[in-house]
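Everything below belongs to upload.pdb, which stores PDB, C-alpha atoms.
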```pdb
ATOM      1  CA  MET A 297     180.740  79.159  34.049
ATOM      2  CA  VAL A 298     178.478  81.430  36.108
ATOM      3  CA  ASN A 299     178.386  85.073  35.002
ATOM      4  CA  ASN A 300     177.893  88.120  37.188
ATOM      5  CA  ASN A 301     174.400  88.807  35.855
ATOM      6  CA  SER A 302     173.280  85.326  36.864
ATOM      7  CA  LEU A 303     174.764  85.740  40.357
ATOM      8  CA  TRP A 304     173.082  89.125  40.753
ATOM      9  CA  HIS A 305     169.754  87.622  39.698
ATOM     10  CA  GLU A 306     170.058  84.869  42.318
ATOM     11  CA  PHE A 307     170.812  87.491  44.965
ATOM     12  CA  LYS A 308     168.169  90.092  44.202
ATOM     13  CA  LYS A 309     165.243  87.665  43.823
ATOM     14  CA  GLY A 310     165.262  87.076  47.584
ATOM     15  CA  LEU A 311     165.018  90.796  48.273
ATOM     16  CA  TRP A 312     161.651  91.206  46.569
ATOM     17  CA  GLN A 313     160.472  88.651  44.001
ATOM     18  CA  ASP A 314     160.863  85.661  46.336
ATOM     19  CA  ILE A 315     160.952  87.451  49.688
ATOM     20  CA  PRO A 316     160.145  84.556  52.045
ATOM     21  CA  PRO A 317     157.361  85.710  54.395
ATOM     22  CA  PHE A 318     155.419  87.990  52.073
ATOM     23  CA  ARG A 319     155.739  86.225  48.710
ATOM     24  CA  LEU A 320     156.547  82.584  49.455
ATOM     25  CA  VAL A 321     154.730  82.651  52.822
ATOM     26  CA  LEU A 322     157.562  80.676  54.418
ATOM     27  CA  GLY A 323     159.081  81.149  57.853
ATOM     28  CA  THR A 324     155.844  82.581  59.212
ATOM     29  CA  CYS A 325     156.300  81.113  62.707
ATOM     30  CA  PRO A 326     159.298  83.312  63.687
ATOM     31  CA  THR A 327     157.881  86.151  61.592
ATOM     32  CA  LEU A 328     154.817  86.262  63.821
ATOM     33  CA  ALA A 329     156.381  85.165  67.108
ATOM     34  CA  VAL A 330     159.485  87.307  67.617
ATOM     35  CA  THR A 331     158.784  90.555  65.798
ATOM     36  CA  ASN A 332     157.435  92.580  68.722
ATOM     37  CA  SER A 333     160.639  94.655  68.455
ATOM     38  CA  VAL A 334     163.165  95.597  65.777
ATOM     39  CA  ILE A 335     166.148  94.067  67.570
ATOM     40  CA  ASN A 336     164.423  90.713  68.002
ATOM     41  CA  GLY A 337     163.485  90.647  64.325
ATOM     42  CA  ILE A 338     167.002  91.501  63.192
ATOM     43  CA  ALA A 339     168.581  88.953  65.554
ATOM     44  CA  MET A 340     166.301  86.157  64.342
ATOM     45  CA  GLY A 341     166.856  87.186  60.723
ATOM     46  CA  LEU A 342     170.656  87.168  61.079
ATOM     47  CA  ALA A 343     170.614  83.803  62.852
ATOM     48  CA  THR A 344     168.522  82.395  60.002
ATOM     49  CA  LEU A 345     170.833  84.005  57.433
ATOM     50  CA  PHE A 346     173.873  82.362  59.063
ATOM     51  CA  VAL A 347     172.250  78.919  59.047
ATOM     52  CA  LEU A 348     170.956  79.359  55.500
ATOM     53  CA  LEU A 349     174.344  80.460  54.169
ATOM     54  CA  CYS A 350     176.269  77.652  55.870
ATOM     55  CA  ALA A 351     173.694  75.052  54.830
ATOM     56  CA  ASN A 352     173.654  76.169  51.191
ATOM     57  CA  ILE A 353     177.447  76.147  50.953
ATOM     58  CA  THR A 354     177.747  72.711  52.538
ATOM     59  CA  VAL A 355     174.904  71.145  50.584
ATOM     60  CA  SER A 356     176.248  72.509  47.304
ATOM     61  CA  ALA A 357     179.748  71.235  48.117
ATOM     62  CA  ILE A 358     178.643  67.675  48.956
ATOM     63  CA  ARG A 359     175.662  67.341  46.631
ATOM     64  CA  LYS A 360     177.419  64.860  44.307
ATOM     65  CA  ILE A 361     178.587  62.505  47.044
ATOM     66  CA  VAL A 362     175.486  62.219  49.257
ATOM     67  CA  PRO A 363     173.306  59.224  48.293
ATOM     68  CA  GLY A 364     169.790  60.176  47.290
ATOM     69  CA  GLN A 365     168.220  57.834  49.854
ATOM     70  CA  VAL A 366     169.678  59.765  52.814
ATOM     71  CA  ARG A 367     169.856  63.233  51.272
ATOM     72  CA  ILE A 368     167.102  64.886  53.325
ATOM     73  CA  ALA A 369     168.267  63.279  56.578
ATOM     74  CA  ALA A 370     171.830  64.428  55.929
ATOM     75  CA  TYR A 371     170.678  67.975  55.221
ATOM     76  CA  VAL A 372     168.613  68.107  58.418
ATOM     77  CA  VAL A 373     171.633  66.989  60.476
ATOM     78  CA  LEU A 374     173.783  69.696  58.861
ATOM     79  CA  ILE A 375     171.134  72.348  59.477
ATOM     80  CA  ALA A 376     170.819  71.232  63.110
ATOM     81  CA  LEU A 377     174.593  71.617  63.532
ATOM     82  CA  TYR A 378     174.581  75.195  62.274
ATOM     83  CA  VAL A 379     171.493  76.059  64.322
ATOM     84  CA  THR A 380     173.255  74.798  67.453
ATOM     85  CA  VAL A 381     176.238  77.041  66.669
ATOM     86  CA  ALA A 382     173.960  80.072  66.171
ATOM     87  CA  ASP A 383     172.007  79.333  69.361
ATOM     88  CA  MET A 384     175.147  78.918  71.476
ATOM     89  CA  PHE A 385     176.672  82.099  70.025
ATOM     90  CA  LEU A 386     173.604  84.169  70.879
ATOM     91  CA  ALA A 387     173.415  82.667  74.370
ATOM     92  CA  ALA A 388     177.085  83.432  75.026
ATOM     93  CA  MET A 389     177.378  86.873  73.417
ATOM     94  CA  PHE A 390     173.860  88.333  73.670
ATOM     95  CA  PRO A 391     172.045  86.682  76.615
ATOM     96  CA  PRO A 392     169.106  89.141  76.727
ATOM     97  CA  ILE A 393     168.368  88.655  73.020
ATOM     98  CA  SER A 394     168.778  84.890  73.341
ATOM     99  CA  LYS A 395     166.307  84.886  76.230
ATOM    100  CA  ALA A 396     163.842  87.079  74.316
ATOM    101  CA  LEU A 397     163.938  84.796  71.269
ATOM    102  CA  GLY A 398     163.378  81.764  73.498
ATOM    103  CA  PRO A 399     162.848  78.471  71.637
ATOM    104  CA  TYR A 400     162.556  80.063  68.223
ATOM    105  CA  VAL A 401     166.285  79.941  67.424
ATOM    106  CA  PRO A 402     166.446  76.143  67.906
ATOM    107  CA  LEU A 403     163.282  75.906  65.811
ATOM    108  CA  ILE A 404     165.231  77.251  62.814
ATOM    109  CA  VAL A 405     165.998  73.552  62.251
ATOM    110  CA  VAL A 406     162.436  73.077  61.005
ATOM    111  CA  ASN A 407     162.177  76.426  59.240
ATOM    112  CA  CYS A 408     160.819  75.676  55.763
ATOM    113  CA  ILE A 409     163.078  78.298  54.186
ATOM    114  CA  ILE A 410     166.310  76.495  55.112
ATOM    115  CA  LEU A 411     165.412  73.033  53.841
ATOM    116  CA  ALA A 412     163.593  74.448  50.811
ATOM    117  CA  ARG A 413     166.687  76.335  49.648
ATOM    118  CA  ALA A 414     168.979  73.389  50.401
ATOM    119  CA  GLU A 415     166.818  70.866  48.541
ATOM    120  CA  GLY A 416     165.372  73.170  45.893
ATOM    121  CA  PHE A 417     168.454  75.205  44.991
ATOM    122  CA  ALA A 418     171.800  74.338  46.611
ATOM    123  CA  GLN A 419     171.427  70.636  45.849
ATOM    124  CA  LYS A 420     171.226  71.461  42.132
ATOM    125  CA  ASN A 421     173.699  74.345  41.781
ATOM    126  CA  PRO A 422     177.400  75.173  42.292
ATOM    127  CA  ILE A 423     178.664  76.949  45.382
ATOM    128  CA  MET A 424     178.709  80.576  44.164
ATOM    129  CA  PRO A 425     175.073  80.691  42.988
ATOM    130  CA  SER A 426     174.110  78.911  46.230
ATOM    131  CA  ILE A 427     175.903  81.579  48.264
ATOM    132  CA  MET A 428     174.135  84.378  46.402
ATOM    133  CA  ASP A 429     170.781  82.606  46.776
ATOM    134  CA  ALA A 430     171.321  82.256  50.538
ATOM    135  CA  LEU A 431     172.418  85.884  50.923
ATOM    136  CA  GLY A 432     169.436  87.211  48.973
ATOM    137  CA  ILE A 433     166.844  85.060  50.731
ATOM    138  CA  GLY A 434     168.488  85.581  54.133
ATOM    139  CA  ILE A 435     168.738  89.351  53.816
ATOM    140  CA  GLY A 436     165.194  89.529  52.459
ATOM    141  CA  PHE A 437     163.966  87.505  55.441
ATOM    142  CA  THR A 438     165.912  89.719  57.880
ATOM    143  CA  LEU A 439     164.487  92.892  56.334
ATOM    144  CA  SER A 440     160.973  91.414  56.518
ATOM    145  CA  LEU A 441     161.328  90.713  60.229
ATOM    146  CA  ALA A 442     162.883  94.140  60.833
ATOM    147  CA  VAL A 443     159.993  95.909  59.073
ATOM    148  CA  MET A 444     157.436  93.947  61.080
ATOM    149  CA  GLY A 445     159.373  94.656  64.268
ATOM    150  CA  PHE A 446     159.539  98.362  63.408
ATOM    151  CA  ILE A 447     155.778  98.660  62.909
ATOM    152  CA  ARG A 448     154.864  96.627  65.978
ATOM    153  CA  GLU A 449     157.415  98.287  68.274
ATOM    154  CA  ILE A 450     156.593 101.867  67.325
ATOM    155  CA  PHE A 451     152.847 101.335  67.810
ATOM    156  CA  GLY A 452     153.116  98.842  70.667
ATOM    157  CA  PHE A 453     155.767 100.615  72.745
ATOM    158  CA  GLY A 454     156.125 104.048  71.136
ATOM    159  CA  SER A 455     159.844 103.421  70.677
ATOM    160  CA  ILE A 456     162.422 102.089  68.240
ATOM    161  CA  LEU A 457     165.390 100.084  69.572
ATOM    162  CA  ASP A 458     164.269 101.130  73.060
ATOM    163  CA  ILE A 459     164.582 104.820  72.105
ATOM    164  CA  LYS A 460     161.391 106.722  72.868
ATOM    165  CA  ILE A 461     159.954 108.134  69.647
ATOM    166  CA  MET A 462     156.396 109.022  70.568
ATOM    167  CA  GLY A 463     155.675 111.712  73.146
ATOM    168  CA  ASN A 464     153.814 111.353  76.416
ATOM    169  CA  TRP A 465     150.588 111.974  74.523
ATOM    170  CA  PHE A 466     150.876 108.592  72.804
ATOM    171  CA  GLU A 467     148.918 105.697  74.244
ATOM    172  CA  PRO A 468     150.615 102.417  73.197
ATOM    173  CA  TRP A 469     148.509 100.016  71.176
ATOM    174  CA  ILE A 470     148.876  96.929  73.343
ATOM    175  CA  VAL A 471     147.340  94.775  70.626
ATOM    176  CA  MET A 472     150.425  95.367  68.466
ATOM    177  CA  ILE A 473     152.675  93.397  70.805
ATOM    178  CA  LEU A 474     150.173  90.555  71.099
ATOM    179  CA  PRO A 475     149.681  87.684  68.603
ATOM    180  CA  ALA A 476     146.671  89.453  67.107
ATOM    181  CA  GLY A 477     148.869  92.432  66.239
ATOM    182  CA  ALA A 478     151.408  90.158  64.563
ATOM    183  CA  PHE A 479     148.722  88.652  62.326
ATOM    184  CA  PHE A 480     147.325  92.090  61.518
ATOM    185  CA  VAL A 481     150.695  93.545  60.481
ATOM    186  CA  PHE A 482     151.646  90.395  58.573
ATOM    187  CA  GLY A 483     148.388  90.413  56.619
ATOM    188  CA  PHE A 484     148.778  94.111  55.845
ATOM    189  CA  LEU A 485     152.337  93.661  54.538
ATOM    190  CA  VAL A 486     151.426  90.619  52.427
ATOM    191  CA  ALA A 487     148.583  92.592  50.868
ATOM    192  CA  LEU A 488     150.825  95.627  50.309
ATOM    193  CA  VAL A 489     153.588  93.613  48.608
ATOM    194  CA  ASN A 490     151.092  91.829  46.360
ATOM    195  CA  TYR A 491     149.405  95.121  45.481
ATOM    196  CA  ILE A 492     152.731  96.731  44.509
ATOM    197  CA  LEU A 493     153.718  93.717  42.404
ATOM    198  CA  ARG A 494     150.327  93.652  40.678
ATOM    199  CA  ARG A 495     150.533  97.365  39.863
ATOM    200  CA  LYS A 496     154.055  96.909  38.556
ATOM    201  CA  THR A 497     152.958  94.004  36.345
ATOM    202  CA  GLU A 498     150.008  96.004  34.991
ATOM    203  CA  THR A 499     152.308  98.929  34.205
ATOM    204  CA  VAL A 500     154.741  96.685  32.300
ATOM    205  CA  CYS A 501     151.902  95.066  30.337
ATOM    206  CA  HIS A 502     150.543  98.438  29.256
TER     207      HIS A 502
END
```

Is it possible to express this structure as structure tokens?
Amino acid sequence: MVNNNSLWHEFKKGLWQDIPPFRLVLGTCPTLAVTNSVINGIAMGLATLFVLLCANITVSAIRKIVPGQVRIAAYVVLIALYVTVADMFLAAMFPPISKALGPYVPLIVVNCIILARAEGFAQKNPIMPSIMDALGIGIGFTLSLAVMGFIREIFGFGSILDIKIMGNWFEPWIVMILPAGAFFVFGFLVALVNYILRRKTETVCH
């Protein structure tokens, strides 16, 4: 029997303790590639969340009937199915976003986060903990991409969600919308998260 405290723990760990890009350093390809705006980051994060949630539920449900020899191959096929659904949905409902994300939605198939959670967690746990794990990791990943998109968009374009924030005096930092800017912001956020966690640990120890 899974209690509420255990479910809450599985959910909240993905929001900070195991936040994928900044703590586990997973999913860095889309984190760096599509976060030149908030909307792109959120769209990629939600697509990944959908695939992660569906994959975790399915893997947890069939974990006792899939032979060990074909387990990874079966999981990859399932993930590819859900990625195809997400890609087709974005293309049909949000063509501009789908075009902006380019090949990175199909590449969710090889996103380390998805297979890692399927093999490392869902394959060993019942459905409810697997759902909470997927929601926590997925939301944490989406928030990470949104934060990176926020920083890069406001300095690179002077706007947020295409709404002008900076005045005419502001000269956009072109580097922020280039790959170099992505690496700079990513490195800064990784360092910031680790610094906060280290300070928190030192406070608890004292």

For Met462 in chain A, list every protein, DNA or RNA residue within 10 Å, evaluated using all atoms listed in the file, and leave out those in the same chain fewer than 6 positions away; present the list as a tab-separated table (two decimals) with C-alpha atoms, keeping the file's coordinate frame.
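out26.tsv, freshly written:
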```tsv
chain	number	residue	atom	x	y	z
A	450	ILE	CA	156.59	101.87	67.32
A	451	PHE	CA	152.85	101.34	67.81
A	453	PHE	CA	155.77	100.62	72.74
A	454	GLY	CA	156.12	104.05	71.14
A	455	SER	CA	159.84	103.42	70.68
A	456	ILE	CA	162.42	102.09	68.24
A	468	PRO	CA	150.62	102.42	73.20
```

Output check: residues returned by the PyMOL selection byres ((chain A and resi 382) around 8), as number ranges by chain: A: 343, 346-347, 378-381, 383-386, 401

Selection dump of the PyMOL selection byres ((chain A and resi 410) around 8), as an MDAnalysis selection string: chainID A and resid 344 347:348 351 375 404:409 411:414

Atomic distance CA of Ala430 in chain A - CA of Gly416 in chain A, expressed in Å with one decimal: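 Atom-to-atom, CA of Ala430 in chain A and CA of Gly416 in chain A are spaced 11.8 Å apart.
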
Residues within 12 Å of Phe307 in chain A, all atoms listed in the file, excluding chain neighbours under 2 positions, as a list in words: Asn300, Asn301, Ser302, Leu303, Trp304, His305, Lys309, Gly310, Leu311, Trp312, Gln313, Asp314, Ile315, Met424, Pro425, Ser426, Ile427, Met428, Asp429, Ala430, Leu431, Gly432, Ile433, Gly434, Ile435 and Gly436 of chain A

Output of the PyMOL selection byres ((chain A and resi 472-474) around 10), listed as a PyMOL selection string: chain A and resi 328-333+445+447-453+468-471+475-481

Using C-alpha atoms, can you write the selected residues to a file as an mmCIF file, keeping the file's coordinate frame?
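Wrote it out as result19.cif, contents follow:
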```
data_model
loop_
_atom_site.group_PDB
_atom_site.id
_atom_site.type_symbol
_atom_site.label_atom_id
_atom_site.label_comp_id
_atom_site.auth_asym_id
_atom_site.auth_seq_id
_atom_site.Cartn_x
_atom_site.Cartn_y
_atom_site.Cartn_z
ATOM 1 C CA LEU A 328 154.817 86.262 63.821
ATOM 2 C CA ALA A 329 156.381 85.165 67.108
ATOM 3 C CA VAL A 330 159.485 87.307 67.617
ATOM 4 C CA THR A 331 158.784 90.555 65.798
ATOM 5 C CA ASN A 332 157.435 92.580 68.722
ATOM 6 C CA SER A 333 160.639 94.655 68.455
ATOM 7 C CA GLY A 445 159.373 94.656 64.268
ATOM 8 C CA ILE A 447 155.778 98.660 62.909
ATOM 9 C CA ARG A 448 154.864 96.627 65.978
ATOM 10 C CA GLU A 449 157.415 98.287 68.274
ATOM 11 C CA ILE A 450 156.593 101.867 67.325
ATOM 12 C CA PHE A 451 152.847 101.335 67.810
ATOM 13 C CA GLY A 452 153.116 98.842 70.667
ATOM 14 C CA PHE A 453 155.767 100.615 72.745
ATOM 15 C CA PRO A 468 150.615 102.417 73.197
ATOM 16 C CA TRP A 469 148.509 100.016 71.176
ATOM 17 C CA ILE A 470 148.876 96.929 73.343
ATOM 18 C CA VAL A 471 147.340 94.775 70.626
ATOM 19 C CA PRO A 475 149.681 87.684 68.603
ATOM 20 C CA ALA A 476 146.671 89.453 67.107
ATOM 21 C CA GLY A 477 148.869 92.432 66.239
ATOM 22 C CA ALA A 478 151.408 90.158 64.563
ATOM 23 C CA PHE A 479 148.722 88.652 62.326
ATOM 24 C CA PHE A 480 147.325 92.090 61.518
ATOM 25 C CA VAL A 481 150.695 93.545 60.481
#
```

Taking only C-alpha atoms, show range 346-467 of chain A of the given structure as a compact mmCIF listing (two decimals), in the first residue's frame.
```txt
# COMPACT_ATOMS: atom_id res chain seq x y z
CA PHE A 346 3.15 13.98 -21.86
CA VAL A 347 5.55 11.34 -23.19
CA LEU A 348 7.07 10.75 -19.75
CA LEU A 349 3.68 10.34 -18.08
CA CYS A 350 2.32 7.97 -20.73
CA ALA A 351 5.54 5.95 -20.79
CA ASN A 352 5.71 5.60 -17.00
CA ILE A 353 2.08 4.49 -16.77
CA THR A 354 2.45 1.94 -19.56
CA VAL A 355 5.78 0.57 -18.38
CA SER A 356 4.51 0.21 -14.82
CA ALA A 357 1.36 -1.55 -16.05
CA ILE A 358 3.19 -4.11 -18.21
CA ARG A 359 6.40 -4.48 -16.21
CA LYS A 360 5.55 -8.02 -15.02
CA ILE A 361 4.70 -9.41 -18.45
CA VAL A 362 7.52 -8.02 -20.62
CA PRO A 363 10.45 -10.46 -20.90
CA GLY A 364 13.72 -9.06 -19.63
CA GLN A 365 15.53 -9.77 -22.91
CA VAL A 366 13.33 -7.34 -24.88
CA ARG A 367 12.49 -4.87 -22.11
CA ILE A 368 14.52 -1.91 -23.38
CA ALA A 369 13.44 -2.44 -27.00
CA ALA A 370 9.79 -2.60 -25.93
CA TYR A 371 10.12 0.60 -23.91
CA VAL A 372 11.74 2.45 -26.82
CA VAL A 373 8.87 1.42 -29.13
CA LEU A 374 6.32 2.66 -26.58
CA ILE A 375 8.17 5.95 -26.14
CA ALA A 376 8.35 6.39 -29.92
CA LEU A 377 4.57 5.90 -30.14
CA TYR A 378 3.85 8.61 -27.59
CA VAL A 379 6.40 10.96 -29.16
CA THR A 380 4.67 10.54 -32.53
CA VAL A 381 1.33 11.45 -30.92
CA ALA A 382 2.85 14.57 -29.30
CA ASP A 383 4.57 15.61 -32.54
CA MET A 384 1.41 15.20 -34.63
CA PHE A 385 -0.67 17.09 -32.05
CA LEU A 386 1.69 20.06 -32.05
CA ALA A 387 1.86 20.07 -35.85
CA ALA A 388 -1.93 20.02 -36.14
CA MET A 389 -2.87 22.41 -33.32
CA PHE A 390 0.14 24.73 -33.01
CA PRO A 391 1.97 24.84 -36.37
CA PRO A 392 4.20 27.85 -35.54
CA ILE A 393 5.43 26.23 -32.32
CA SER A 394 5.91 22.89 -34.07
CA LYS A 395 7.98 24.62 -36.75
CA ALA A 396 10.03 26.51 -34.15
CA LEU A 397 10.82 23.32 -32.23
CA GLY A 398 11.85 21.60 -35.46
CA PRO A 399 13.36 18.12 -35.02
CA TYR A 400 13.63 18.34 -31.26
CA VAL A 401 10.15 16.95 -30.55
CA PRO A 402 10.86 13.71 -32.46
CA LEU A 403 14.19 13.55 -30.64
CA ILE A 404 12.31 13.12 -27.35
CA VAL A 405 12.53 9.42 -28.26
CA VAL A 406 16.21 9.47 -27.31
CA ASN A 407 15.84 11.86 -24.39
CA CYS A 408 17.71 10.26 -21.48
CA ILE A 409 15.07 11.41 -19.00
CA ILE A 410 12.29 9.29 -20.53
CA LEU A 411 14.13 5.98 -20.71
CA ALA A 412 15.86 6.59 -17.38
CA ARG A 413 12.55 7.02 -15.56
CA ALA A 414 10.97 4.07 -17.38
CA GLU A 415 13.87 1.70 -16.66
CA GLY A 416 14.99 3.15 -13.33
CA PHE A 417 11.62 3.81 -11.69
CA ALA A 418 8.43 2.76 -13.50
CA GLN A 419 9.77 -0.72 -14.24
CA LYS A 420 10.16 -1.32 -10.49
CA ASN A 421 7.12 0.46 -9.04
CA PRO A 422 3.29 0.41 -9.16
CA ILE A 423 1.31 2.80 -11.32
CA MET A 424 0.52 5.56 -8.79
CA PRO A 425 4.13 6.19 -7.68
CA SER A 426 5.14 6.07 -11.36
CA ILE A 427 2.54 8.73 -12.19
CA MET A 428 3.77 10.99 -9.40
CA ASP A 429 7.40 10.44 -10.46
CA ALA A 430 6.55 11.39 -14.06
CA LEU A 431 4.58 14.47 -13.00
CA GLY A 432 7.34 15.71 -10.70
CA ILE A 433 10.17 15.14 -13.17
CA GLY A 434 8.09 16.43 -16.10
CA ILE A 435 6.97 19.60 -14.34
CA GLY A 436 10.50 20.20 -13.04
CA PHE A 437 11.85 19.83 -16.58
CA THR A 438 9.17 22.19 -17.96
CA LEU A 439 9.94 24.82 -15.32
CA SER A 440 13.67 24.50 -16.08
CA LEU A 441 13.10 25.16 -19.77
CA ALA A 442 10.70 28.03 -18.99
CA VAL A 443 13.25 29.71 -16.70
CA MET A 444 15.98 29.39 -19.32
CA GLY A 445 13.59 30.69 -21.98
CA PHE A 446 12.63 33.63 -19.75
CA ILE A 447 16.24 34.70 -19.19
CA ARG A 448 17.28 34.28 -22.82
CA GLU A 449 14.17 35.93 -24.27
CA ILE A 450 14.20 38.98 -22.02
CA PHE A 451 17.89 39.68 -22.69
CA GLY A 452 17.92 38.46 -26.29
CA PHE A 453 14.71 40.10 -27.50
CA GLY A 454 13.71 42.46 -24.69
CA SER A 455 10.33 40.75 -24.48
CA ILE A 456 8.43 37.98 -22.74
CA LEU A 457 5.91 35.90 -24.73
CA ASP A 458 6.36 38.43 -27.54
CA ILE A 459 5.27 41.27 -25.23
CA LYS A 460 7.80 44.09 -25.22
CA ILE A 461 9.19 44.53 -21.71
CA MET A 462 12.31 46.61 -22.23
CA GLY A 463 12.08 50.15 -23.57
CA ASN A 464 13.60 51.54 -26.74
CA TRP A 465 16.77 52.24 -24.77
CA PHE A 466 17.50 48.52 -24.49
CA GLU A 467 19.93 47.00 -26.96
```
